[in-house]
Structure formats: C-alpha cells, structure tokens
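Student: Below is the file upload.pdb, which contains PDB, C-alpha atoms.
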ATOM      1  CA  MET A   1      -0.917   3.374 -22.158
ATOM      2  CA  ILE A   2      -2.342   2.463 -18.759
ATOM      3  CA  LEU A   3      -0.733   3.858 -15.600
ATOM      4  CA  SER A   4      -1.574   3.049 -11.991
ATOM      5  CA  ASP A   5      -1.092   5.051  -8.795
ATOM      6  CA  THR A   6      -1.114   2.462  -6.034
ATOM      7  CA  HIS A   7      -0.823   4.911  -3.139
ATOM      8  CA  CYS A   8      -2.527   8.302  -3.122
ATOM      9  CA  HIS A   9      -4.027  10.175  -0.157
ATOM     10  CA  LEU A  10      -6.703  11.783  -2.303
ATOM     11  CA  ASP A  11      -8.951  12.170   0.747
ATOM     12  CA  LEU A  12      -6.725  14.778   2.431
ATOM     13  CA  ASP A  13      -7.954  18.358   2.653
ATOM     14  CA  ARG A  14      -5.248  19.628   0.300
ATOM     15  CA  PHE A  15      -7.453  18.256  -2.496
ATOM     16  CA  ASP A  16     -10.740  19.650  -1.212
ATOM     17  CA  SER A  17     -10.804  22.645  -3.551
ATOM     18  CA  ASP A  18     -10.120  20.790  -6.813
ATOM     19  CA  ARG A  19     -10.414  17.037  -6.280
ATOM     20  CA  GLU A  20     -12.502  16.518  -9.419
ATOM     21  CA  ALA A  21      -9.993  18.446 -11.532
ATOM     22  CA  VAL A  22      -7.136  16.404 -10.049
ATOM     23  CA  LEU A  23      -8.939  13.232 -10.988
ATOM     24  CA  GLU A  24      -9.590  14.486 -14.517
ATOM     25  CA  ARG A  25      -5.910  15.367 -14.989
ATOM     26  CA  ALA A  26      -4.983  11.869 -13.847
ATOM     27  CA  ILE A  27      -7.290  10.298 -16.388
ATOM     28  CA  GLN A  28      -5.905  12.529 -19.132
ATOM     29  CA  ALA A  29      -2.397  11.353 -18.166
ATOM     30  CA  GLY A  30      -3.429   7.714 -18.631
ATOM     31  CA  VAL A  31      -4.014   6.767 -14.991
ATOM     32  CA  ALA A  32      -6.647   4.026 -14.773
ATOM     33  CA  PHE A  33      -6.197   2.895 -11.158
ATOM     34  CA  ILE A  34      -5.828   4.894  -7.940
ATOM     35  CA  LEU A  35      -5.667   3.244  -4.521
ATOM     36  CA  ILE A  36      -6.430   5.464  -1.524
ATOM     37  CA  PRO A  37      -5.160   4.154   1.840
ATOM     38  CA  GLY A  38      -6.681   4.893   5.214
ATOM     39  CA  ILE A  39      -4.507   5.942   8.135
ATOM     40  CA  THR A  40      -7.111   5.910  10.940
ATOM     41  CA  LEU A  41     -10.507   4.334  11.475
ATOM     42  CA  ALA A  42     -12.164   7.608  10.516
ATOM     43  CA  SER A  43     -10.117   8.066   7.349
ATOM     44  CA  SER A  44     -10.700   4.431   6.422
ATOM     45  CA  ARG A  45     -14.407   5.181   6.342
ATOM     46  CA  THR A  46     -13.748   8.336   4.347
ATOM     47  CA  VAL A  47     -11.585   6.687   1.693
ATOM     48  CA  LEU A  48     -14.165   3.943   1.205
ATOM     49  CA  LYS A  49     -16.861   6.538   0.570
ATOM     50  CA  LEU A  50     -14.545   8.470  -1.738
ATOM     51  CA  SER A  51     -13.661   5.346  -3.701
ATOM     52  CA  GLU A  52     -17.334   4.880  -4.530
ATOM     53  CA  THR A  53     -17.462   8.191  -6.413
ATOM     54  CA  HIS A  54     -15.459   7.039  -9.456
ATOM     55  CA  PRO A  55     -14.652   3.691 -11.132
ATOM     56  CA  ILE A  56     -10.855   4.197 -11.057
ATOM     57  CA  LEU A  57     -10.784   4.879  -7.316
ATOM     58  CA  HIS A  58     -10.277   2.070  -4.792
ATOM     59  CA  ALA A  59      -9.700   1.932  -1.043
ATOM     60  CA  ALA A  60      -7.483   0.378   1.597
ATOM     61  CA  ILE A  61      -8.309   0.399   5.304
ATOM     62  CA  GLY A  62      -6.086   0.353   8.367
ATOM     63  CA  VAL A  63      -4.347   2.321  11.114
ATOM     64  CA  HIS A  64      -0.981   3.951  10.368
ATOM     65  CA  PRO A  65       1.830   3.336  12.895
ATOM     66  CA  THR A  66       2.030   7.045  13.773
ATOM     67  CA  GLU A  67      -1.649   6.746  14.781
ATOM     68  CA  ALA A  68      -1.020   3.716  17.003
ATOM     69  CA  LEU A  69      -2.263   5.481  20.136
ATOM     70  CA  THR A  70      -5.735   5.684  18.558
ATOM     71  CA  TRP A  71      -5.970   1.875  18.522
ATOM     72  CA  ASN A  72      -8.275   0.353  21.152
ATOM     73  CA  GLU A  73     -10.165  -2.843  21.872
ATOM     74  CA  SER A  74     -12.838  -2.090  19.296
ATOM     75  CA  SER A  75     -10.487  -1.133  16.467
ATOM     76  CA  ARG A  76     -10.209  -4.656  15.067
ATOM     77  CA  ASN A  77     -13.979  -5.155  15.109
ATOM     78  CA  GLU A  78     -14.645  -1.793  13.485
ATOM     79  CA  LEU A  79     -12.180  -2.412  10.661
ATOM     80  CA  GLN A  80     -13.600  -5.890  10.173
ATOM     81  CA  ALA A  81     -17.111  -4.508   9.981
ATOM     82  CA  LEU A  82     -15.988  -1.874   7.493
ATOM     83  CA  ALA A  83     -14.597  -4.534   5.160
ATOM     84  CA  SER A  84     -17.804  -6.516   5.648
ATOM     85  CA  ARG A  85     -16.881  -9.351   3.339
ATOM     86  CA  THR A  86     -17.218 -13.125   3.502
ATOM     87  CA  SER A  87     -14.753 -14.916   5.764
ATOM     88  CA  VAL A  88     -11.583 -16.314   4.215
ATOM     89  CA  SER A  89     -11.436 -19.608   6.085
ATOM     90  CA  TYR A  90      -8.384 -21.832   5.982
ATOM     91  CA  ASP A  91      -8.973 -24.270   8.801
ATOM     92  CA  ASN A  92     -10.942 -27.482   8.444
ATOM     93  CA  SER A  93     -13.717 -26.387  10.759
ATOM     94  CA  GLY A  94     -14.402 -23.196   8.847
ATOM     95  CA  SER A  95     -14.883 -21.328  12.119
ATOM     96  CA  SER A  96     -12.086 -18.806  11.774
ATOM     97  CA  GLY A  97      -9.593 -17.202   9.448
ATOM     98  CA  ALA A  98      -5.961 -18.130   8.985
ATOM     99  CA  PHE A  99      -4.842 -16.524  12.220
ATOM    100  CA  GLY A 100      -7.911 -17.039  14.364
ATOM    101  CA  THR A 101      -9.777 -14.098  12.886
ATOM    102  CA  SER A 102     -13.444 -14.774  12.293
ATOM    103  CA  VAL A 103     -14.639 -12.581   9.427
ATOM    104  CA  THR A 104     -18.316 -12.552   8.680
ATOM    105  CA  SER A 105     -20.260 -11.212   5.771
ATOM    106  CA  GLY A 106     -22.861  -8.526   6.102
ATOM    107  CA  ALA A 107     -23.842  -5.008   5.217
ATOM    108  CA  SER A 108     -21.894  -1.969   6.381
ATOM    109  CA  GLY A 109     -24.243   0.921   5.858
ATOM    110  CA  SER A 110     -24.439   1.883   2.209
ATOM    111  CA  SER A 111     -20.742   1.278   1.525
ATOM    112  CA  ASP A 112     -19.499  -1.105  -1.134
ATOM    113  CA  PRO A 113     -16.905  -3.441   0.449
ATOM    114  CA  SER A 114     -15.793  -4.651  -2.992
ATOM    115  CA  LYS A 115     -14.035  -1.285  -3.317
ATOM    116  CA  ILE A 116     -11.639  -2.310  -0.514
ATOM    117  CA  LEU A 117      -8.671  -3.974  -2.224
ATOM    118  CA  ALA A 118      -6.022  -3.854   0.506
ATOM    119  CA  PHE A 119      -5.290  -3.407   4.194
ATOM    120  CA  GLY A 120      -3.201  -0.367   4.975
ATOM    121  CA  GLU A 121      -1.451   1.889   5.442
ATOM    122  CA  ILE A 122       0.025  -0.106   8.320
ATOM    123  CA  GLY A 123       3.582  -0.823   9.448
ATOM    124  CA  LEU A 124       6.319   0.639  11.641
ATOM    125  CA  ASP A 125       7.609   4.196  11.976
ATOM    126  CA  TYR A 126      10.710   4.829  14.088
ATOM    127  CA  TYR A 127      11.262   8.334  12.689
ATOM    128  CA  TRP A 128       8.476  10.090  14.583
ATOM    129  CA  ASP A 129       8.216   9.700  18.350
ATOM    130  CA  SER A 130       4.460   9.182  18.123
ATOM    131  CA  ALA A 131       4.021   5.750  19.707
ATOM    132  CA  PRO A 132       6.220   3.236  21.569
ATOM    133  CA  HIS A 133       7.892   0.779  19.219
ATOM    134  CA  ASP A 134       6.602  -2.259  21.098
ATOM    135  CA  LEU A 135       3.042  -0.929  20.773
ATOM    136  CA  GLN A 136       3.534  -0.357  17.047
ATOM    137  CA  ARG A 137       4.774  -3.916  16.611
ATOM    138  CA  ASP A 138       1.837  -5.348  18.549
ATOM    139  CA  ILE A 139      -0.727  -3.372  16.541
ATOM    140  CA  LEU A 140       0.988  -4.322  13.282
ATOM    141  CA  ARG A 141       0.701  -8.013  14.179
ATOM    142  CA  GLN A 142      -2.983  -7.554  14.989
ATOM    143  CA  GLN A 143      -3.634  -5.831  11.668
ATOM    144  CA  LEU A 144      -1.671  -8.442   9.717
ATOM    145  CA  ASP A 145      -3.806 -11.075  11.420
ATOM    146  CA  LEU A 146      -6.950  -9.218  10.413
ATOM    147  CA  ALA A 147      -5.745  -8.718   6.834
ATOM    148  CA  ALA A 148      -5.108 -12.452   6.537
ATOM    149  CA  GLY A 149      -8.609 -13.233   7.734
ATOM    150  CA  LEU A 150     -10.074 -10.745   5.286
ATOM    151  CA  GLY A 151      -7.925 -12.030   2.431
ATOM    152  CA  LEU A 152      -6.535  -8.552   1.766
ATOM    153  CA  PRO A 153      -2.897  -7.818   0.786
ATOM    154  CA  VAL A 154      -1.166  -5.270   2.982
ATOM    155  CA  ILE A 155       0.339  -1.835   2.295
ATOM    156  CA  LEU A 156       3.334  -1.422   4.579
ATOM    157  CA  HIS A 157       4.936   1.757   5.880
ATOM    158  CA  MET A 158       8.567   1.542   7.019
ATOM    159  CA  ARG A 159      10.548   4.586   8.174
ATOM    160  CA  GLU A 160      13.813   4.431  10.073
ATOM    161  CA  ALA A 161      14.972   6.775  12.826
ATOM    162  CA  ALA A 162      16.805   9.736  11.288
ATOM    163  CA  ASP A 163      15.804   8.403   7.851
ATOM    164  CA  VAL A 164      18.845   6.154   7.651
ATOM    165  CA  PRO A 165      18.578   3.494   4.918
ATOM    166  CA  GLN A 166      19.000   0.530   7.294
ATOM    167  CA  GLY A 167      18.190   0.134  10.985
ATOM    168  CA  ASP A 168      15.986  -1.406  13.637
ATOM    169  CA  CYS A 169      12.767  -0.577  11.787
ATOM    170  CA  ALA A 170      13.669  -2.735   8.785
ATOM    171  CA  ALA A 171      14.962  -5.536  11.005
ATOM    172  CA  ASP A 172      11.813  -5.561  13.156
ATOM    173  CA  LEU A 173       9.493  -5.337  10.161
ATOM    174  CA  LEU A 174      11.181  -8.202   8.310
ATOM    175  CA  GLN A 175      11.084 -10.382  11.421
ATOM    176  CA  ILE A 176       7.334  -9.796  11.794
ATOM    177  CA  LEU A 177       6.694 -10.345   8.085
ATOM    178  CA  GLU A 178       8.693 -13.580   7.991
ATOM    179  CA  SER A 179       6.544 -14.990  10.770
ATOM    180  CA  TRP A 180       3.330 -13.773   9.149
ATOM    181  CA  CYS A 181       4.206 -15.112   5.714
ATOM    182  CA  SER A 182       5.145 -18.466   7.224
ATOM    183  CA  GLY A 183       1.662 -18.589   8.714
ATOM    184  CA  LEU A 184       0.093 -17.684   5.374
ATOM    185  CA  ALA A 185       1.927 -20.551   3.700
ATOM    186  CA  SER A 186       1.030 -23.074   6.378
ATOM    187  CA  TRP A 187      -2.656 -22.180   6.048
ATOM    188  CA  HIS A 188      -2.489 -22.213   2.217
ATOM    189  CA  SER A 189      -3.678 -18.621   2.125
ATOM    190  CA  PRO A 190      -4.273 -17.053  -1.295
ATOM    191  CA  LEU A 191      -2.099 -14.198  -0.001
ATOM    192  CA  THR A 192       0.974 -16.421   0.104
ATOM    193  CA  ASP A 193       2.039 -15.343  -3.391
ATOM    194  CA  ARG A 194       0.827 -11.739  -3.068
ATOM    195  CA  PRO A 195       1.111 -10.651   0.572
ATOM    196  CA  GLY A 196       1.535  -6.944  -0.109
ATOM    197  CA  VAL A 197       3.841  -4.028  -0.899
ATOM    198  CA  LEU A 198       6.538  -2.063   0.939
ATOM    199  CA  HIS A 199       5.200   1.402   0.255
ATOM    200  CA  SER A 200       7.450   4.294  -0.854
ATOM    201  CA  PHE A 201      10.516   2.158  -0.258
ATOM    202  CA  SER A 202      13.610   4.022   0.944
ATOM    203  CA  GLY A 203      15.629   1.153   2.380
ATOM    204  CA  THR A 204      18.546  -0.894   1.140
ATOM    205  CA  LEU A 205      18.624  -3.364  -1.697
ATOM    206  CA  GLU A 206      19.222  -6.125   0.865
ATOM    207  CA  THR A 207      15.974  -5.246   2.645
ATOM    208  CA  ALA A 208      14.106  -5.069  -0.662
ATOM    209  CA  ARG A 209      15.411  -8.490  -1.681
ATOM    210  CA  ALA A 210      14.433  -9.997   1.659
ATOM    211  CA  ALA A 211      10.906  -8.613   1.227
ATOM    212  CA  MET A 212      10.678  -9.798  -2.387
ATOM    213  CA  ASP A 213      11.774 -13.273  -1.274
ATOM    214  CA  LEU A 214       8.650 -13.272   0.897
ATOM    215  CA  GLY A 215       6.527 -12.311  -2.119
ATOM    216  CA  PHE A 216       6.244  -8.559  -1.543
ATOM    217  CA  TYR A 217       6.242  -5.832  -4.171
ATOM    218  CA  ILE A 218       8.276  -2.652  -3.792
ATOM    219  CA  GLY A 219       6.590   0.748  -4.105
ATOM    220  CA  VAL A 220       8.547   3.462  -5.952
ATOM    221  CA  THR A 221       7.696   7.126  -5.450
ATOM    222  CA  GLY A 222       8.822  10.579  -6.613
ATOM    223  CA  PRO A 223      12.172  10.747  -4.746
ATOM    224  CA  VAL A 224      13.656   8.345  -7.316
ATOM    225  CA  THR A 225      13.568  11.302  -9.733
ATOM    226  CA  PHE A 226      15.498  13.679  -7.460
ATOM    227  CA  LYS A 227      18.915  14.796  -8.657
ATOM    228  CA  ASN A 228      20.601  13.780  -5.393
ATOM    229  CA  ALA A 229      18.950  10.336  -5.208
ATOM    230  CA  ASP A 230      21.857   8.179  -6.382
ATOM    231  CA  ARG A 231      21.337   5.518  -3.724
ATOM    232  CA  THR A 232      17.592   5.237  -4.326
ATOM    233  CA  GLN A 233      18.119   5.124  -8.073
ATOM    234  CA  ALA A 234      20.674   2.324  -7.717
ATOM    235  CA  VAL A 235      18.209   0.291  -5.658
ATOM    236  CA  VAL A 236      15.352   0.810  -8.131
ATOM    237  CA  ALA A 237      17.616  -0.034 -11.080
ATOM    238  CA  ALA A 238      18.428  -3.355  -9.413
ATOM    239  CA  LEU A 239      14.803  -4.312  -8.734
ATOM    240  CA  PRO A 240      13.111  -6.734 -11.129
ATOM    241  CA  MET A 241      10.417  -4.850 -13.017
ATOM    242  CA  GLU A 242       7.927  -7.583 -12.134
ATOM    243  CA  ARG A 243       8.155  -6.515  -8.467
ATOM    244  CA  ILE A 244       7.761  -2.745  -8.888
ATOM    245  CA  LEU A 245       4.632  -0.710  -8.178
ATOM    246  CA  ILE A 246       4.462   3.013  -8.928
ATOM    247  CA  GLU A 247       3.016   5.353  -6.322
ATOM    248  CA  THR A 248       2.687   9.094  -5.909
ATOM    249  CA  ASP A 249       1.964   9.210  -2.157
ATOM    250  CA  SER A 250       0.085  12.376  -3.082
ATOM    251  CA  PRO A 251      -0.022  15.088  -1.899
ATOM    252  CA  PHE A 252       3.528  14.357  -0.705
ATOM    253  CA  LEU A 253       6.829  13.589  -2.495
ATOM    254  CA  ALA A 254       6.171  15.270  -5.835
ATOM    255  CA  PRO A 255       8.689  14.090  -8.457
ATOM    256  CA  HIS A 256      11.124  16.322 -10.330
ATOM    257  CA  PRO A 257      10.428  18.826 -11.882
ATOM    258  CA  GLN A 258       7.367  19.285  -9.655
ATOM    259  CA  ARG A 259       9.385  18.852  -6.445
ATOM    260  CA  GLY A 260       8.161  21.154  -3.681
ATOM    261  CA  LYS A 261       4.669  21.413  -5.123
ATOM    262  CA  ARG A 262       1.566  19.475  -4.174
ATOM    263  CA  ASN A 263       1.831  16.010  -5.682
ATOM    264  CA  GLU A 264      -1.090  14.474  -7.579
ATOM    265  CA  PRO A 265      -1.815  11.213  -9.448
ATOM    266  CA  ALA A 266      -1.078  12.661 -12.903
ATOM    267  CA  PHE A 267       2.562  13.010 -11.837
ATOM    268  CA  VAL A 268       2.912   9.222 -11.633
ATOM    269  CA  ARG A 269       4.016   9.443 -15.252
ATOM    270  CA  LEU A 270       7.176  11.326 -14.213
ATOM    271  CA  THR A 271       8.164   8.511 -11.872
ATOM    272  CA  ALA A 272       7.432   5.957 -14.588
ATOM    273  CA  ASP A 273       9.690   7.903 -16.953
ATOM    274  CA  LYS A 274      12.560   7.718 -14.474
ATOM    275  CA  ILE A 275      12.071   3.994 -13.932
ATOM    276  CA  ALA A 276      12.166   3.512 -17.692
ATOM    277  CA  ALA A 277      15.494   5.348 -17.878
ATOM    278  CA  LEU A 278      16.940   3.319 -15.003
ATOM    279  CA  HIS A 279      15.860   0.046 -16.639
ATOM    280  CA  ASP A 280      16.802   1.100 -20.173
ATOM    281  CA  CYS A 281      13.294   0.576 -21.552
ATOM    282  CA  ASN A 282      10.436   2.800 -22.666
ATOM    283  CA  LEU A 283       7.553   4.367 -20.792
ATOM    284  CA  ASP A 284       4.943   2.082 -22.344
ATOM    285  CA  GLN A 285       6.770  -0.994 -21.050
ATOM    286  CA  VAL A 286       7.004   0.416 -17.527
ATOM    287  CA  ALA A 287       3.331   1.406 -17.544
ATOM    288  CA  LYS A 288       2.252  -2.023 -18.800
ATOM    289  CA  ILE A 289       4.336  -4.099 -16.400
ATOM    290  CA  THR A 290       3.709  -2.029 -13.280
ATOM    291  CA  SER A 291      -0.028  -1.863 -13.968
ATOM    292  CA  GLU A 292      -0.081  -5.631 -14.459
ATOM    293  CA  ASN A 293       1.711  -5.908 -11.122
ATOM    294  CA  ALA A 294      -0.973  -3.774  -9.498
ATOM    295  CA  GLY A 295      -3.627  -5.992 -11.024
ATOM    296  CA  LYS A 296      -1.995  -9.133  -9.653
ATOM    297  CA  LEU A 297      -1.515  -7.764  -6.150
ATOM    298  CA  PHE A 298      -4.826  -5.988  -5.660
ATOM    299  CA  GLY A 299      -7.103  -8.112  -7.813
ATOM    300  CA  TRP A 300      -7.709  -5.169 -10.145
ATOM    301  CA  GLU A 301      -8.866  -5.955 -13.661
ATOM    302  CA  LEU A 302      -6.959  -3.881 -16.193
ATOM    303  CA  PRO A 303      -9.048  -2.149 -18.857
ATOM    304  CA  ALA A 304      -9.150  -4.006 -22.152
TER     305      ALA A 304
END
Represent the structure from my file as structure tokens, please.
Tutor:
Amino acid sequence: MILSDTHCHLDLDRFDSDREAVLERAIQAGVAFILIPGITLASSRTVLKLSETHPILHAAIGVHPTEALTWNESSRNELQALASRTSVSYDNSGSSGAFGTSVTSGASGSSDPSKILAFGEIGLDYYWDSAPHDLQRDILRQQLDLAAGLGLPVILHMREAADVPQGDCAADLLQILESWCSGLASWHSPLTDRPGVLHSFSGTLETARAAMDLGFYIGVTGPVTFKNADRTQAVVAALPMERILIETDSPFLAPHPQRGKRNEPAFVRLTADKIAALHDCNLDQVAKITSENAGKLFGWELPA
C-alpha cells in the first residue's frame, strides 16, 4: 500500500526535536510521498533544502495570503530564481511564459529545483485580518501568473470569514481561478488539465464542483474524521475519488483519535480510512487512487 501526504509543514519548529523519527514513522505507515509547502520566501528556501534530505520529500514555493504584507517588488524574481528551471513558453516568439512571465534556467546555489513540484501555499484568507483583501487578490494573481510561467500546479488556501462554508472568499477565488484557467487553455498550457488543488477544503459541494470543473483536485484533511463533521463528510462522500488528494496539514488538524495532538504524516492513514468508509471501499483502494492522483497532479512517479 502506498499513501501520499500532499500537504505537510514538516519544516515548522514543532518537528525540530524529532523530525527524523516522524519521517521514519511515516515510512512505516506506508507513506511514499510528502509535499512540503512554503508560506514565505524564507520558508520556501527552507522547504527546498529540507526536501533534498530524503527521496520521499518534495517542495512547493510561494507566499501564503496571511503573509501578503511581506510581498514586495522583488518577491516574484526571488521565487522565480528559487525555482530556477527552464522557461515554459507558450507564445510563438518564445520570449515569455503564458502570462508574460519570462522564466529562465540557471543555478540557484546548491539547491535542486527538480524537488519543487508545485507553487504554494497561495490563495485567499478572509478569516484572519492580516492583509487587505484587494492586496491578497492582487498577489494571488501575480503568483498564479508566475506558476503558469514555471509550469507548476498550484496549492490553494481558501478560508472564509468566521469559517462559514460559503462566502466572499470562495466567490473571489473562483472568479480569479476561472480567469486564470481560461488563460491556461488559450495558451495550451500543460497545466490546463492539472492546474492544482484546493487545500484542506472546508467549503460547499457547489464550490468543490466548480473547482473540479476547472480541473482542480480537492484536498481532504483530518477534520473529515471528526465526530461532529457531518457537513464535511457529506461533501467528501460526494466527491469523485479521482479528484481527491489526502493531506495532513501537519502539525495541524490531527485526525480522530489523535485530535488535539500534534499531527504528523503517519496519520494520513486515519484520513484515508475515513474516506474509504464514506465511499464504501477499502483502504488499499483509497491509497492507490489518491496516490495516483498525486502523481498526476505533481508529476510524481509512484514506486513500482
């Protein structure tokens, strides 16, 4: 059985004392793929370095919406340099990327840019009053533009004010994504069929379906296992298995019966178990399909 954890903040200091042991427990649980997202420029550098320490670790780079005030004129160039991969060029002249982003190849210190499989964690957050919403939307568009030029699928954060299931955050995000995906299609981008994932999804089935219609996957995390999570469970039960990714969002959102404890990648199996129950199938099927989904989205080659 091969499991994947497509969203894990393994770089955070809550893992500093036992990170190697956490990784070993994940491997023993059958986890063969862990994707670590950046949330700032600094953490993007950190997760890239961390991803180079073990074959099952991979990185995503980007600036989280709650960190929007850290964005400046050099942010785009620094993230582009960090990815340091050959330009994905869709215009006839070959001078720029799909959305006017010129992405050049080159070295970035001693880092291995092939470890970067996605752009994120980016998106919109209307729960915390950390940055104006119009600024968040502008920075999201810039990072989507950059992701398109780099040829990287995106990991999207979406959190409504007061944690309601449906609101302005979902509406604004879908509007931005519809425009972006239309651009991907018009430029014949390879991301057209795999633009990204809505991470740790807590919205409505209508929002999920709108995102899936654009080609997005839906990330499922520990709260689906909670005893009071009837609405979330109903949404996950209605999702096609071929569009589900399993995430821990470690060290946050530990699934039942570990709720309240520090989450870690080995616990992804508990979420997979719950998905299996909701879809009336077995754990092996959930592990196989969701890991195949991760492979398709992130270009990860599953172990033989």
Student: Output as AutoDock Vina command-line options the centre and edge lengths (Å, one decimal) of the box along x, y and z of the file that holds every listed atom of segment 68-78 of chain A after adding 4 Å on each side.
Tutor:
--center_x -7.8 --center_y 0.3 --center_z 17.7 --size_x 21.6 --size_y 18.8 --size_z 16.4
Student: For segment 217-247 of chain A against segment 4-27 of chain A, with a cut-off of 10 Å and counting only C-alpha atoms, what is the closest atom pair and its distance in Å to one decimal for every residue that makes the cut, ordered by chain and number, as a Markdown table?
Tutor:
| residue | atom | partner | partner_atom | distance |
| --- | --- | --- | --- | --- |
| A:Gly219 | CA | A:Thr6 | CA | 8.1 |
| A:Val220 | CA | A:Thr6 | CA | 9.7 |
| A:Thr221 | CA | A:His7 | CA | 9.1 |
| A:Leu245 | CA | A:Thr6 | CA | 6.9 |
| A:Ile246 | CA | A:Asp5 | CA | 5.9 |
| A:Glu247 | CA | A:Asp5 | CA | 4.8 |
Student: Listing only residues of segment 184-270 of chain A within 9 Å of segment 139-151 of chain A, what is the closest atom pair and its distance in Å (to one decimal) for each, using all atoms listed in the file, sorted by chain and residue number ascending, as a tab-separated table?
Tutor:
residue	atom	partner	partner_atom	distance
A:Leu184	CA	A:Ala148	CA	7.5
A:Ser189	CA	A:Ala148	CA	7.7
A:Pro190	CA	A:Gly151	CA	7.2
A:Leu191	CA	A:Gly151	CA	6.7
A:Pro195	CA	A:Ala148	CA	8.8
Student: If the PyMOL selection byres ((chain A and resi 169) around 12) is run on the structure shown, which residues does it catch, given as a PyMOL selection string?
Tutor: chain A and resi 65+123-128+133-134+136-137+156-168+170-176+202-203+207
Student: Which residues match the PyMOL selection byres ((chain A and resi 267) around 12) in the file above, as an MDAnalysis selection string?
Tutor: chainID A and resid 3:5 8 22:23 25:31 221:222 225 246:259 261:266 268:274
Student: Considering all atoms listed in the file, state which residue in the set A:Val236, A:Arg243, A:Ala118, A:Asp284 is at the smallest distance from Val224 of chain A.
Tutor: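 Nearest candidate to Val224 of chain A out of A:Val236, A:Arg243, A:Ala118, A:Asp284: A:Val236.
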Student: Write out as a list in words the residues lying within 10 Å of Pro55 of chain A, counting only C-alpha atoms and excluding same-chain residues fewer than 3 positions away.
Tutor: Ala32, Phe33, Ile34, Ser51, Glu52, His58 and Lys115 of chain A
Student: Would you translate the PyMOL selection byres ((chain A and resi 69) around 10) into the concrete set of residues it matches in this file, as a PyMOL selection string?
Tutor: chain A and resi 63-68+70-72+130-132+135-136+139
Student: Considering only C-alpha atoms, state which residue in the set A:Ser44, A:Trp180, A:Ala59, A:Ile244 is at the smallest distance from Ala81 of chain A.
Tutor: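 Among the listed residues, the smallest separation from Ala81 of chain A belongs to A:Ser44.
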Student: What is the atom CA of Ala304 of chain A-atom CA of Ile2 of chain A distance in Å, reported with one decimal?
Tutor: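 Distance reported for this atom pair: 10.0 Å.
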Student: Give as a list of chain:residue names every residue, naming chains and numbers as the document does, that has an atom within 8 Å of (9.8, -0.5, -14.8), counting all atoms listed in the file.
Tutor: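 Residues satisfying the cut-off, written out: A:Pro240, A:Met241, A:Glu242, A:Ile244, A:Ala272, A:Ile275, A:Ala276, A:His279, A:Cys281, A:Gln285, A:Val286, A:Ala287, A:Ile289, A:Thr290.
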Student: Atom CA of Ser182 of chain A to atom CA of Pro153 of chain A: how many Å, to one decimal?
Tutor: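 Spanning atom CA of Ser182 of chain A to atom CA of Pro153 of chain A is a straight-line distance of 14.8 Å.
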Student: Between atom CA of Ala60 of chain A and atom CA of Leu35 of chain A, what distance in Å does the model show, to one decimal?
Tutor: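 It comes out at 7.0 Å.
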Student: Which of these residues is nearest to Ala234 of chain A, using only C-alpha atoms: A:Glu206, A:Ser179, A:Ser200, A:Leu278?
Tutor: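 Distance minimum relative to Ala234 of chain A lands on A:Leu278.
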Student: I want to know what sits within 8 Å of Leu79 of chain A, based on only C-alpha atoms, with residues of the same chain fewer than 4 positions away left out; could you give that as a list in words?
Tutor: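 Counting only C-alpha atoms, the residues come to Leu41, Ile61, Gly62, Ser75 and Ala83 of chain A.
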Student: Counting only C-alpha atoms, which of A:Leu239, A:Leu117, A:Ile122, A:Ile39 gets nearest to Leu152 of chain A?
Tutor: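 Checking each of A:Leu239, A:Leu117, A:Ile122, A:Ile39 against Leu152 of chain A, counting only C-alpha atoms, the winner is A:Leu117.
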Student: Regenerate segment 287-300 of chain A at the level of N, CA and C atoms and dump it as a CSV table (one decimal), in the frame of the given file.
Tutor:
chain,number,residue,atom,x,y,z
A,287,ALA,N,4.8,1.3,-17.9
A,287,ALA,CA,3.3,1.4,-17.5
A,287,ALA,C,2.6,0.1,-17.6
A,288,LYS,N,2.9,-0.7,-18.6
A,288,LYS,CA,2.3,-2.0,-18.8
A,288,LYS,C,2.6,-3.0,-17.7
A,289,ILE,N,3.9,-3.1,-17.4
A,289,ILE,CA,4.3,-4.1,-16.4
A,289,ILE,C,3.9,-3.7,-15.0
A,290,THR,N,4.1,-2.4,-14.6
A,290,THR,CA,3.7,-2.0,-13.3
A,290,THR,C,2.2,-2.1,-13.1
A,291,SER,N,1.4,-1.8,-14.1
A,291,SER,CA,0.0,-1.9,-14.0
A,291,SER,C,-0.5,-3.3,-13.9
A,292,GLU,N,0.2,-4.2,-14.6
A,292,GLU,CA,-0.1,-5.6,-14.5
A,292,GLU,C,0.3,-6.1,-13.0
A,293,ASN,N,1.3,-5.6,-12.5
A,293,ASN,CA,1.7,-5.9,-11.1
A,293,ASN,C,0.6,-5.5,-10.1
A,294,ALA,N,0.1,-4.3,-10.3
A,294,ALA,CA,-1.0,-3.8,-9.5
A,294,ALA,C,-2.2,-4.7,-9.6
A,295,GLY,N,-2.5,-5.1,-10.8
A,295,GLY,CA,-3.6,-6.0,-11.0
A,295,GLY,C,-3.5,-7.3,-10.3
A,296,LYS,N,-2.2,-7.9,-10.3
A,296,LYS,CA,-2.0,-9.1,-9.7
A,296,LYS,C,-2.1,-9.0,-8.1
A,297,LEU,N,-1.5,-7.9,-7.6
A,297,LEU,CA,-1.5,-7.8,-6.2
A,297,LEU,C,-2.9,-7.4,-5.6
A,298,PHE,N,-3.6,-6.5,-6.2
A,298,PHE,CA,-4.8,-6.0,-5.7
A,298,PHE,C,-6.1,-6.6,-6.3
A,299,GLY,N,-5.9,-7.5,-7.2
A,299,GLY,CA,-7.1,-8.1,-7.8
A,299,GLY,C,-7.9,-7.1,-8.7
A,300,TRP,N,-7.1,-6.2,-9.3
A,300,TRP,CA,-7.7,-5.2,-10.1
A,300,TRP,C,-7.7,-5.7,-11.6
